Amino acid sequence: MAKIAFILLCHKDPDAIVQQAKQLTAVGDYISIHFDARAPKEAFAKIQTALADNPNVTFATKRIKCGWGEWSLVQATLYAVEAAETAFPRATHFYMVSGDCMAIKSAAYAHDFLDSRDVDYVECFDYFESDWIKTGMKEERLIYRHFFNERTQPRRFYASFRAQQKLGLKREVPSDIQVMIGSQWWCLRRRTIEWILEFTKKRRDVMRFFRTTWIPDETFFQTLVRHLVPAKEIDTRTLTFLMFTDYGMPVTFYNDHYDLLLSQDALFARKISGEATELKSRLGKLYASGREDFKISNEGRSLFKFLTGRGRIGRRFATRFWETETSLGHERELLILACKKWHVAKRLVGSIRHHTNIPAIDYLFNEEDTEMPDLGGIQSSLGKRTRHRRALMRMLFDYYETDRLIICLDTASIDLMQDFFSDRSVTKLLEIECSFTDEYLAGHARRVGLAGEQTPDEALAQLLPTIRYDVIFESDRIRDSKFPNHLRIRETRSPIENAPAIGAFLSVNDETAKQLAETPYLFVD
């Protein structure tokens, strides 16, 4: 009978990880856990302690820091696979899952399903001939070397990419390899896993190639399986049910999706909302239930396409998502950096990106050309961003696959702050109070159109007191709003004095907070 070793990559919510591990090992299956090294050591220790007595649980041979689209995700998977292959010699199948995945069939059903066919389940479509990639980079993911993360270091990512284009630094795909692409949620037989691990040790050239490709978790295992396994022993599909919207965002499942999920021709589903407590409870009990009477209708994708397509042919069965989805979510944390001097906030954000794994976006509601991901057009103008601000923020949380997100706001954006603080999510505000010289205020007047390059000094001198009062008034309005979780750092304070507020804002340790407070040239104009 099949025995599954689950390969779990996760980065948050240690209590949920412990619960997931207990549920999946309750009937004799196994699990190997890689918990992102960017997460607090205390969280990982909590998981280890809670699962220490469970012989069906092991941990990746090494913990590393992971980033979306990076080789680190593949490397973390390999570390977890190596641990599982050694620790669980009776495992017949290795199944890739995340913390957002849950079983939608029982273990009994899953074991019978895997026993019925001696194949690997993995999406592997020809990289160049298929239309699996709908938008964005395609060939460029492979033929250029990618050393930076497009989400956390977009300027460096695209500067490196453009430099290689200009210099003609293309490279060849290894000659005996046909690159394939597909979903990273695979289920592979033990023999296939052993072949892959052996291949990684022998073919250093292929490993070097994939280490600098972009989004290799969609190509590495898919390519190696097709290279090593006869085609007749591969079922080109994923056993994890997932859907994407027209915006490229994963569809999230809630409490009322239980019956729909159970009727799909899949063993797991992704992704389950953290707020869907009833759904998570019912699915959590399902895996060990022994139930086998599942009626497969498999209508999920066609039903979703039908219902969401009504608006395009002039019919609406319900209000739009930005009219109904009015909350960012209970479990999400929005961190707002408010500063009149945009360059100061951007410097601090750059330092935060360097020292933490929290996604951060600059003045998206104040600056038209802020670098943002393509979210289907909702991000295309300041008007759209502001008008659909909560929908935009939800999509950004989903895009970065995070529960914590930093944005920068001008201190004049009090209406946006009030709106976000009225949400059910946790909202924190770090106000950066700067000193304003007459020279800076004069430059500010020119930047916002209150003065021109030829405005006489006498006229500017009359403007400056009013502008200075406006800056002070904006800060007073923020203070008078009595926002909870309102913290403040000041240019006139030392880094030692500013560090506690930064630490409380980001929930980081004292050393990291001190390093952030000491960001070089933070307040220099």
# chains A, B, ... in the order shown; residues from 1 in each chain; ligands from 1
>>> residues_around(residues="Trp68 of chain A", least_positions_apart="5", cutoff="10 Å", atoms="only C-alpha atoms", output="list in words")
Leu73, Asn149, Glu150, Arg151, Thr152, Trp214, Ile215, Pro216, Asp217, Tyr400 and Glu401 of chain A
>>> residues_around(residues="His11 of chain A", least_positions_apart="3", cutoff="9 Å", atoms="only C-alpha atoms", output="PyMOL selection string")
chain A and resi 14+34-39+66+99
>>> residues_around(residues="segment 159-169 of chain A", least_positions_apart="3", cutoff="9 Å", atoms="only C-alpha atoms", output="number ranges by chain")
A: 140, 143-148, 154-156
>>> residues_around(residues="Gln178 of chain A", least_positions_apart="3", cutoff="9 Å", atoms="only C-alpha atoms", output="MDAnalysis selection string")
chainID A and resid 126:127 173:175 223:224 226:227
>>> atom_distance(atom1="atom CA of Ser32 of chain A", atom2="atom CA of Gln75 of chain A")
14.0 Å
>>> select_by_dssp(residues="segment 171-257 of chain A", states="strand (DSSP E or B)", output="PyMOL selection string")
chain A and resi 180-181+187-189+234-235+240-241+244+250+253
>>> write_last_selection(atoms="C-alpha atoms", output="PDB file, in the first residue's frame")
ATOM      1  CA  MET A 180       9.623  21.720 -19.168  1.00  0.00           C
ATOM      2  CA  ILE A 181       7.268  23.886 -17.115  1.00  0.00           C
ATOM      3  CA  CYS A 187       3.561  13.815  -6.392  1.00  0.00           C
ATOM      4  CA  LEU A 188       6.513  11.596  -7.349  1.00  0.00           C
ATOM      5  CA  ARG A 189       7.326   7.932  -6.754  1.00  0.00           C
ATOM      6  CA  ILE A 234       4.123  10.369 -16.253  1.00  0.00           C
ATOM      7  CA  ASP A 235       0.612  11.714 -15.780  1.00  0.00           C
ATOM      8  CA  THR A 240      -3.621  19.567  -6.009  1.00  0.00           C
ATOM      9  CA  PHE A 241      -6.734  21.506  -6.990  1.00  0.00           C
ATOM     10  CA  PHE A 244      -6.289  31.401 -10.820  1.00  0.00           C
ATOM     11  CA  PRO A 250      -4.768  32.279  -6.836  1.00  0.00           C
ATOM     12  CA  PHE A 253     -11.407  28.908  -0.713  1.00  0.00           C
TER      13      PHE A 253
END
>>> residues_around(residues="Met1 of chain A", least_positions_apart="2", cutoff="9 Å", atoms="only C-alpha atoms", output="number ranges by chain")
A: 3, 92, 111-112, 114-115
>>> residues_around(residues="Asp100 of chain A", least_positions_apart="5", cutoff="10 Å", atoms="only C-alpha atoms", output="list in words")
Leu9, Cys10, Ala16, Ile17, Gln20, Thr252, Ala269, Arg270, Lys271, Ile272, Ser273 and Gly274 of chain A
>>> residues_around(residues="Trp132 of chain A", least_positions_apart="2", cutoff="12 Å", atoms="only C-alpha atoms", output="PDB file with N, CA, C and O atoms, in the first residue's frame")
ATOM      1  N   GLU A 123       2.902  18.230 -13.593  1.00  0.00           N
ATOM      2  CA  GLU A 123       2.706  18.989 -14.822  1.00  0.00           C
ATOM      3  C   GLU A 123       4.071  19.240 -15.452  1.00  0.00           C
ATOM      4  O   GLU A 123       4.978  19.776 -14.810  1.00  0.00           O
ATOM      5  N   CYS A 124       4.236  18.840 -16.719  1.00  0.00           N
ATOM      6  CA  CYS A 124       5.494  19.108 -17.426  1.00  0.00           C
ATOM      7  C   CYS A 124       5.178  19.329 -18.897  1.00  0.00           C
ATOM      8  O   CYS A 124       5.006  18.377 -19.658  1.00  0.00           O
ATOM      9  N   PHE A 125       5.064  20.581 -19.267  1.00  0.00           N
ATOM     10  CA  PHE A 125       4.758  20.979 -20.633  1.00  0.00           C
ATOM     11  C   PHE A 125       6.001  21.603 -21.258  1.00  0.00           C
ATOM     12  O   PHE A 125       6.806  22.231 -20.566  1.00  0.00           O
ATOM     13  N   ASP A 126       6.152  21.466 -22.545  1.00  0.00           N
ATOM     14  CA  ASP A 126       7.313  22.030 -23.224  1.00  0.00           C
ATOM     15  C   ASP A 126       7.389  23.531 -22.958  1.00  0.00           C
ATOM     16  O   ASP A 126       6.430  24.271 -23.191  1.00  0.00           O
ATOM     17  N   TYR A 127       8.546  23.970 -22.481  1.00  0.00           N
ATOM     18  CA  TYR A 127       8.695  25.354 -22.031  1.00  0.00           C
ATOM     19  C   TYR A 127       8.456  26.344 -23.167  1.00  0.00           C
ATOM     20  O   TYR A 127       7.803  27.382 -22.977  1.00  0.00           O
ATOM     21  N   PHE A 128       8.967  26.042 -24.346  1.00  0.00           N
ATOM     22  CA  PHE A 128       8.926  26.999 -25.445  1.00  0.00           C
ATOM     23  C   PHE A 128       7.682  26.842 -26.323  1.00  0.00           C
ATOM     24  O   PHE A 128       7.195  27.820 -26.892  1.00  0.00           O
ATOM     25  N   GLU A 129       7.154  25.638 -26.419  1.00  0.00           N
ATOM     26  CA  GLU A 129       6.029  25.392 -27.329  1.00  0.00           C
ATOM     27  C   GLU A 129       4.673  25.591 -26.659  1.00  0.00           C
ATOM     28  O   GLU A 129       3.697  25.938 -27.322  1.00  0.00           O
ATOM     29  N   SER A 130       4.592  25.366 -25.362  1.00  0.00           N
ATOM     30  CA  SER A 130       3.297  25.471 -24.682  1.00  0.00           C
ATOM     31  C   SER A 130       2.976  26.935 -24.382  1.00  0.00           C
ATOM     32  O   SER A 130       3.846  27.809 -24.462  1.00  0.00           O
ATOM     33  N   LYS A 134       1.488  32.892 -19.544  1.00  0.00           N
ATOM     34  CA  LYS A 134       0.536  33.749 -20.261  1.00  0.00           C
ATOM     35  C   LYS A 134       1.113  35.130 -20.559  1.00  0.00           C
ATOM     36  O   LYS A 134       0.904  35.691 -21.630  1.00  0.00           O
ATOM     37  N   THR A 135       1.798  35.738 -19.579  1.00  0.00           N
ATOM     38  CA  THR A 135       2.332  37.079 -19.756  1.00  0.00           C
ATOM     39  C   THR A 135       3.732  37.164 -19.149  1.00  0.00           C
ATOM     40  O   THR A 135       4.141  36.303 -18.377  1.00  0.00           O
ATOM     41  N   GLY A 136       4.441  38.240 -19.479  1.00  0.00           N
ATOM     42  CA  GLY A 136       5.744  38.491 -18.867  1.00  0.00           C
ATOM     43  C   GLY A 136       6.867  37.726 -19.552  1.00  0.00           C
ATOM     44  O   GLY A 136       6.749  37.258 -20.692  1.00  0.00           O
ATOM     45  N   MET A 137       7.981  37.604 -18.830  1.00  0.00           N
ATOM     46  CA  MET A 137       9.168  36.941 -19.371  1.00  0.00           C
ATOM     47  C   MET A 137       8.890  35.484 -19.714  1.00  0.00           C
ATOM     48  O   MET A 137       8.154  34.803 -19.008  1.00  0.00           O
ATOM     49  N   LYS A 138       9.518  35.012 -20.770  1.00  0.00           N
ATOM     50  CA  LYS A 138       9.454  33.589 -21.101  1.00  0.00           C
ATOM     51  C   LYS A 138      10.869  33.077 -21.359  1.00  0.00           C
ATOM     52  O   LYS A 138      11.542  32.604 -20.448  1.00  0.00           O
ATOM     53  N   MET A 180      11.070  21.861 -19.304  1.00  0.00           N
ATOM     54  CA  MET A 180       9.623  21.720 -19.168  1.00  0.00           C
ATOM     55  C   MET A 180       9.135  22.708 -18.105  1.00  0.00           C
ATOM     56  O   MET A 180       9.924  23.226 -17.301  1.00  0.00           O
ATOM     57  N   ILE A 181       7.837  22.950 -18.081  1.00  0.00           N
ATOM     58  CA  ILE A 181       7.268  23.886 -17.115  1.00  0.00           C
ATOM     59  C   ILE A 181       5.921  23.376 -16.630  1.00  0.00           C
ATOM     60  O   ILE A 181       5.222  22.644 -17.350  1.00  0.00           O
ATOM     61  N   GLY A 182       5.572  23.727 -15.402  1.00  0.00           N
ATOM     62  CA  GLY A 182       4.292  23.309 -14.849  1.00  0.00           C
ATOM     63  C   GLY A 182       4.175  23.690 -13.385  1.00  0.00           C
ATOM     64  O   GLY A 182       5.065  24.320 -12.804  1.00  0.00           O
ATOM     65  N   SER A 183       3.089  23.292 -12.789  1.00  0.00           N
ATOM     66  CA  SER A 183       2.841  23.583 -11.376  1.00  0.00           C
ATOM     67  C   SER A 183       3.889  22.919 -10.489  1.00  0.00           C
ATOM     68  O   SER A 183       4.372  21.823 -10.779  1.00  0.00           O
ATOM     69  N   GLU A 218       9.084  26.211 -11.052  1.00  0.00           N
ATOM     70  CA  GLU A 218       8.128  25.826 -12.090  1.00  0.00           C
ATOM     71  C   GLU A 218       8.797  25.037 -13.216  1.00  0.00           C
ATOM     72  O   GLU A 218       8.119  24.599 -14.143  1.00  0.00           O
ATOM     73  N   THR A 219      10.140  24.871 -13.143  1.00  0.00           N
ATOM     74  CA  THR A 219      10.838  24.200 -14.246  1.00  0.00           C
ATOM     75  C   THR A 219      11.783  23.085 -13.808  1.00  0.00           C
ATOM     76  O   THR A 219      11.980  22.128 -14.564  1.00  0.00           O
TER      77      THR A 219
END
>>> select_by_dssp(residues="segment 214-460 of chain A", states="helix (DSSP H, G or I)", output="MDAnalysis selection string")
chainID A and resid 216:218 220:228 231:233 255:262 277:286 300:308 310:313 321:324 342:355 382:387 389:399 414:421 438:447 457:460
>>> closest_residue(among="A:Ile414, A:Ala445, A:Ile406, A:Ile104", to="Arg282 of chain A", atoms="only C-alpha atoms")
A:Ile104
>>> closest_residue(among="A:Ala84, A:Ala499, A:Leu416, A:Leu78", to="Lys201 of chain A", atoms="only C-alpha atoms")
A:Leu78
>>> closest_residue(among="A:Leu464, A:Ser351, A:Pro500, A:Tyr30", to="Pro520 of chain A", atoms="only C-alpha atoms")
A:Ser351
>>> closest_residue(among="A:Ser380, A:Asn366, A:Lys170, A:Thr77", to="Glu139 of chain A", atoms="only C-alpha atoms")
A:Lys170
>>> closest_residue(among="A:Lys232, A:His343, A:Lys105, A:His355", to="Lys65 of chain A", atoms="only C-alpha atoms")
A:His355
>>> decode(residues="segment 380-400 of chain A", atoms="N, CA, C and O atoms", output="PDB file, in the first residue's frame")
ATOM      1  N   SER A 380      -2.964  50.659 -12.514  1.00  0.00           N
ATOM      2  CA  SER A 380      -2.428  51.440 -13.627  1.00  0.00           C
ATOM      3  C   SER A 380      -2.422  52.949 -13.410  1.00  0.00           C
ATOM      4  O   SER A 380      -1.697  53.664 -14.092  1.00  0.00           O
ATOM      5  N   SER A 381      -3.218  53.463 -12.490  1.00  0.00           N
ATOM      6  CA  SER A 381      -3.242  54.907 -12.249  1.00  0.00           C
ATOM      7  C   SER A 381      -3.504  55.180 -10.778  1.00  0.00           C
ATOM      8  O   SER A 381      -4.052  54.343 -10.055  1.00  0.00           O
ATOM      9  N   LEU A 382      -3.113  56.387 -10.335  1.00  0.00           N
ATOM     10  CA  LEU A 382      -3.361  56.764  -8.946  1.00  0.00           C
ATOM     11  C   LEU A 382      -4.845  56.773  -8.635  1.00  0.00           C
ATOM     12  O   LEU A 382      -5.270  56.393  -7.537  1.00  0.00           O
ATOM     13  N   GLY A 383      -5.645  57.202  -9.608  1.00  0.00           N
ATOM     14  CA  GLY A 383      -7.090  57.243  -9.395  1.00  0.00           C
ATOM     15  C   GLY A 383      -7.667  55.871  -9.118  1.00  0.00           C
ATOM     16  O   GLY A 383      -8.456  55.684  -8.188  1.00  0.00           O
ATOM     17  N   LYS A 384      -7.268  54.881  -9.920  1.00  0.00           N
ATOM     18  CA  LYS A 384      -7.765  53.516  -9.723  1.00  0.00           C
ATOM     19  C   LYS A 384      -7.274  52.945  -8.399  1.00  0.00           C
ATOM     20  O   LYS A 384      -8.022  52.292  -7.677  1.00  0.00           O
ATOM     21  N   ARG A 385      -5.996  53.173  -8.091  1.00  0.00           N
ATOM     22  CA  ARG A 385      -5.446  52.640  -6.845  1.00  0.00           C
ATOM     23  C   ARG A 385      -6.210  53.174  -5.644  1.00  0.00           C
ATOM     24  O   ARG A 385      -6.552  52.426  -4.724  1.00  0.00           O
ATOM     25  N   THR A 386      -6.458  54.475  -5.641  1.00  0.00           N
ATOM     26  CA  THR A 386      -7.132  55.084  -4.497  1.00  0.00           C
ATOM     27  C   THR A 386      -8.597  54.680  -4.444  1.00  0.00           C
ATOM     28  O   THR A 386      -9.142  54.393  -3.374  1.00  0.00           O
ATOM     29  N   ARG A 387      -9.247  54.633  -5.602  1.00  0.00           N
ATOM     30  CA  ARG A 387     -10.673  54.324  -5.650  1.00  0.00           C
ATOM     31  C   ARG A 387     -10.944  52.899  -5.164  1.00  0.00           C
ATOM     32  O   ARG A 387     -11.928  52.644  -4.474  1.00  0.00           O
ATOM     33  N   HIS A 388     -10.062  51.977  -5.516  1.00  0.00           N
ATOM     34  CA  HIS A 388     -10.240  50.567  -5.140  1.00  0.00           C
ATOM     35  C   HIS A 388      -9.123  50.147  -4.188  1.00  0.00           C
ATOM     36  O   HIS A 388      -8.532  49.082  -4.325  1.00  0.00           O
ATOM     37  N   ARG A 389      -8.867  50.990  -3.198  1.00  0.00           N
ATOM     38  CA  ARG A 389      -7.661  50.804  -2.369  1.00  0.00           C
ATOM     39  C   ARG A 389      -7.641  49.467  -1.643  1.00  0.00           C
ATOM     40  O   ARG A 389      -6.613  48.805  -1.567  1.00  0.00           O
ATOM     41  N   ARG A 390      -8.784  49.048  -1.085  1.00  0.00           N
ATOM     42  CA  ARG A 390      -8.770  47.798  -0.322  1.00  0.00           C
ATOM     43  C   ARG A 390      -8.641  46.588  -1.245  1.00  0.00           C
ATOM     44  O   ARG A 390      -7.954  45.618  -0.917  1.00  0.00           O
ATOM     45  N   ALA A 391      -9.305  46.649  -2.387  1.00  0.00           N
ATOM     46  CA  ALA A 391      -9.149  45.558  -3.363  1.00  0.00           C
ATOM     47  C   ALA A 391      -7.698  45.468  -3.809  1.00  0.00           C
ATOM     48  O   ALA A 391      -7.127  44.378  -3.915  1.00  0.00           O
ATOM     49  N   LEU A 392      -7.088  46.621  -4.055  1.00  0.00           N
ATOM     50  CA  LEU A 392      -5.684  46.649  -4.460  1.00  0.00           C
ATOM     51  C   LEU A 392      -4.798  46.040  -3.383  1.00  0.00           C
ATOM     52  O   LEU A 392      -3.910  45.226  -3.668  1.00  0.00           O
ATOM     53  N   MET A 393      -5.021  46.408  -2.129  1.00  0.00           N
ATOM     54  CA  MET A 393      -4.191  45.892  -1.054  1.00  0.00           C
ATOM     55  C   MET A 393      -4.374  44.387  -0.899  1.00  0.00           C
ATOM     56  O   MET A 393      -3.412  43.654  -0.671  1.00  0.00           O
ATOM     57  N   ARG A 394      -5.603  43.891  -1.020  1.00  0.00           N
ATOM     58  CA  ARG A 394      -5.828  42.436  -0.932  1.00  0.00           C
ATOM     59  C   ARG A 394      -5.061  41.710  -2.035  1.00  0.00           C
ATOM     60  O   ARG A 394      -4.459  40.669  -1.806  1.00  0.00           O
ATOM     61  N   MET A 395      -5.076  42.281  -3.231  1.00  0.00           N
ATOM     62  CA  MET A 395      -4.372  41.648  -4.342  1.00  0.00           C
ATOM     63  C   MET A 395      -2.860  41.667  -4.126  1.00  0.00           C
ATOM     64  O   MET A 395      -2.156  40.722  -4.494  1.00  0.00           O
ATOM     65  N   LEU A 396      -2.359  42.732  -3.510  1.00  0.00           N
ATOM     66  CA  LEU A 396      -0.928  42.796  -3.215  1.00  0.00           C
ATOM     67  C   LEU A 396      -0.542  41.777  -2.152  1.00  0.00           C
ATOM     68  O   LEU A 396       0.496  41.122  -2.251  1.00  0.00           O
ATOM     69  N   PHE A 397      -1.371  41.623  -1.121  1.00  0.00           N
ATOM     70  CA  PHE A 397      -1.116  40.580  -0.115  1.00  0.00           C
ATOM     71  C   PHE A 397      -1.064  39.214  -0.787  1.00  0.00           C
ATOM     72  O   PHE A 397      -0.188  38.396  -0.493  1.00  0.00           O
ATOM     73  N   ASP A 398      -2.016  38.959  -1.700  1.00  0.00           N
ATOM     74  CA  ASP A 398      -2.046  37.667  -2.388  1.00  0.00           C
ATOM     75  C   ASP A 398      -0.850  37.517  -3.323  1.00  0.00           C
ATOM     76  O   ASP A 398      -0.247  36.434  -3.420  1.00  0.00           O
ATOM     77  N   TYR A 399      -0.504  38.588  -4.037  1.00  0.00           N
ATOM     78  CA  TYR A 399       0.611  38.519  -4.988  1.00  0.00           C
ATOM     79  C   TYR A 399       1.910  38.157  -4.271  1.00  0.00           C
ATOM     80  O   TYR A 399       2.677  37.299  -4.741  1.00  0.00           O
ATOM     81  N   TYR A 400       2.172  38.790  -3.146  1.00  0.00           N
ATOM     82  CA  TYR A 400       3.406  38.527  -2.409  1.00  0.00           C
ATOM     83  C   TYR A 400       3.288  37.317  -1.479  1.00  0.00           C
ATOM     84  O   TYR A 400       4.258  36.968  -0.800  1.00  0.00           O
TER      85      TYR A 400
END
